[in-house]
Amino acid sequence: MFREKCREFGIVLKTHGVKGELLIKTVFEISDNYELAESIFLEIEGLLVPFFIEEYSVSSHQTFIVKLSFIDNKNKAVRFVDCNVFIEKSKSKTPKVEFSTSDLIGFSVLDQDGKDLGKIIDFMDIPGNFLITVMYGNKEILVPFNEHVLIDFNKSKKQVVLDVQDGLVDL
């Protein structure tokens, strides 16, 4: 019965640091000012176990670093790696995102000269370095995707125009 009052939030990817912090990947994109509830539930052996959050920080658009009460070292934290994370529906602050990175899949990528480089087939959110995977001819290329290389974004045409460095597509 309690499980119906919760919604999936993400998964614990790994420990972070030596004080028992956990890196949690969310199932949705988050903003830098996202407010996390005061507690989360970790799925342990099929049961949702509550944990109070001492502190947290947004690490990337899909990850949090979370310090939970009573988990004060890496040895205690490691047992929670790969646990699914849930939050109460009533306390969750559902993000109001009109467009997320997963919506980029299928968009055409053009370089600064208007040359079609192919379609976005995947993306990687490496903290501090967001990359898109573009099918260029018969090979996949990784292209940085951030505000420094973005020239134009057209949601209706499903196109992005990027300032692509010379030689990038030849790798």
# chains A, B, ... in the order shown; residues from 1 in each chain; ligands from 1
>>> residues_around(residues="range 58-66 of chain A", least_positions_apart="4", cutoff="9 Å", atoms="only C-alpha atoms", output="list in words")
Gly10, Thr15, His16, Gly20, Glu21, Leu22, Leu23, Ile24, Lys25, Thr26, Val27, Phe28, Glu29, Ile30, Ser31, Asp32, Asn33, Tyr34, Ile53, Glu54, Asp125, Ile126, Pro127 and Gly128 of chain A
>>> write_last_selection(atoms="C-alpha atoms", output="compact mmCIF listing (two decimals), in the first residue's frame")
# COMPACT_ATOMS: atom_id res chain seq x y z
CA GLY A 10 16.29 7.39 -9.41
CA THR A 15 29.51 6.33 -3.24
CA HIS A 16 31.01 9.80 -3.31
CA GLY A 20 29.23 8.31 3.25
CA GLU A 21 27.80 10.50 0.50
CA LEU A 22 25.92 8.85 -2.37
CA LEU A 23 25.66 9.85 -6.03
CA ILE A 24 22.03 9.46 -7.14
CA LYS A 25 20.96 9.57 -10.78
CA THR A 26 17.39 10.81 -11.23
CA VAL A 27 14.87 9.45 -13.73
CA PHE A 28 14.21 13.01 -14.93
CA GLU A 29 16.21 16.13 -15.62
CA ILE A 30 16.62 18.55 -12.72
CA SER A 31 17.47 22.24 -12.50
CA ASP A 32 20.28 23.73 -10.40
CA ASN A 33 17.75 25.04 -7.88
CA TYR A 34 15.72 21.83 -7.53
CA ILE A 53 18.72 13.76 4.14
CA GLU A 54 21.33 15.76 6.06
CA ASP A 125 25.78 13.62 -19.18
CA ILE A 126 29.31 13.55 -17.83
CA PRO A 127 29.49 16.12 -14.99
CA GLY A 128 30.76 19.33 -16.54
>>> select_by_dssp(residues="range 70-165 of chain A", states="alpha helix (DSSP H)", output="VMD selection string")
chain A and resid 74 to 77
>>> write_last_selection(atoms="N, CA and C atoms", output="PDB file, in the first residue's frame")
ATOM      1  N   LYS A  74      32.330   5.573   3.972  1.00  0.00           N
ATOM      2  CA  LYS A  74      32.191   4.888   2.692  1.00  0.00           C
ATOM      3  C   LYS A  74      31.765   3.429   2.867  1.00  0.00           C
ATOM      4  N   ASN A  75      32.244   2.771   3.896  1.00  0.00           N
ATOM      5  CA  ASN A  75      31.896   1.366   4.136  1.00  0.00           C
ATOM      6  C   ASN A  75      30.406   1.183   4.377  1.00  0.00           C
ATOM      7  N   LYS A  76      29.798   2.111   5.121  1.00  0.00           N
ATOM      8  CA  LYS A  76      28.354   2.042   5.348  1.00  0.00           C
ATOM      9  C   LYS A  76      27.583   2.387   4.075  1.00  0.00           C
ATOM     10  N   ALA A  77      28.117   3.306   3.279  1.00  0.00           N
ATOM     11  CA  ALA A  77      27.429   3.789   2.087  1.00  0.00           C
ATOM     12  C   ALA A  77      27.447   2.777   0.942  1.00  0.00           C
TER      13      ALA A  77
END
>>> atom_distance(atom1="CA of Ile40 in chain A", atom2="CA of Arg3 in chain A")
12.5 Å
>>> atom_distance(atom1="CA of Gln159 in chain A", atom2="CA of Ser108 in chain A")
4.7 Å
>>> closest_residue(among="A:Lys155, A:Val85, A:Val161, A:Met135", to="Asp103 in chain A", atoms="only C-alpha atoms")
A:Lys155
>>> atom_distance(atom1="CA of Phe80 in chain A", atom2="CA of Glu43 in chain A")
8.9 Å
>>> residues_around(residues="Asp116 in chain A", least_positions_apart="4", cutoff="12 Å", atoms="only C-alpha atoms", output="MDAnalysis selection string")
chainID A and resid 107:112 120 134:137 159:162 164 169
>>> closest_residue(among="A:Asn73, A:Glu45, A:Cys83, A:Tyr56", to="Glu8 in chain A", atoms="only C-alpha atoms")
A:Cys83
>>> closest_residue(among="A:Ile132, A:Val78, A:Leu150, A:Leu47", to="Val18 in chain A", atoms="only C-alpha atoms")
A:Val78
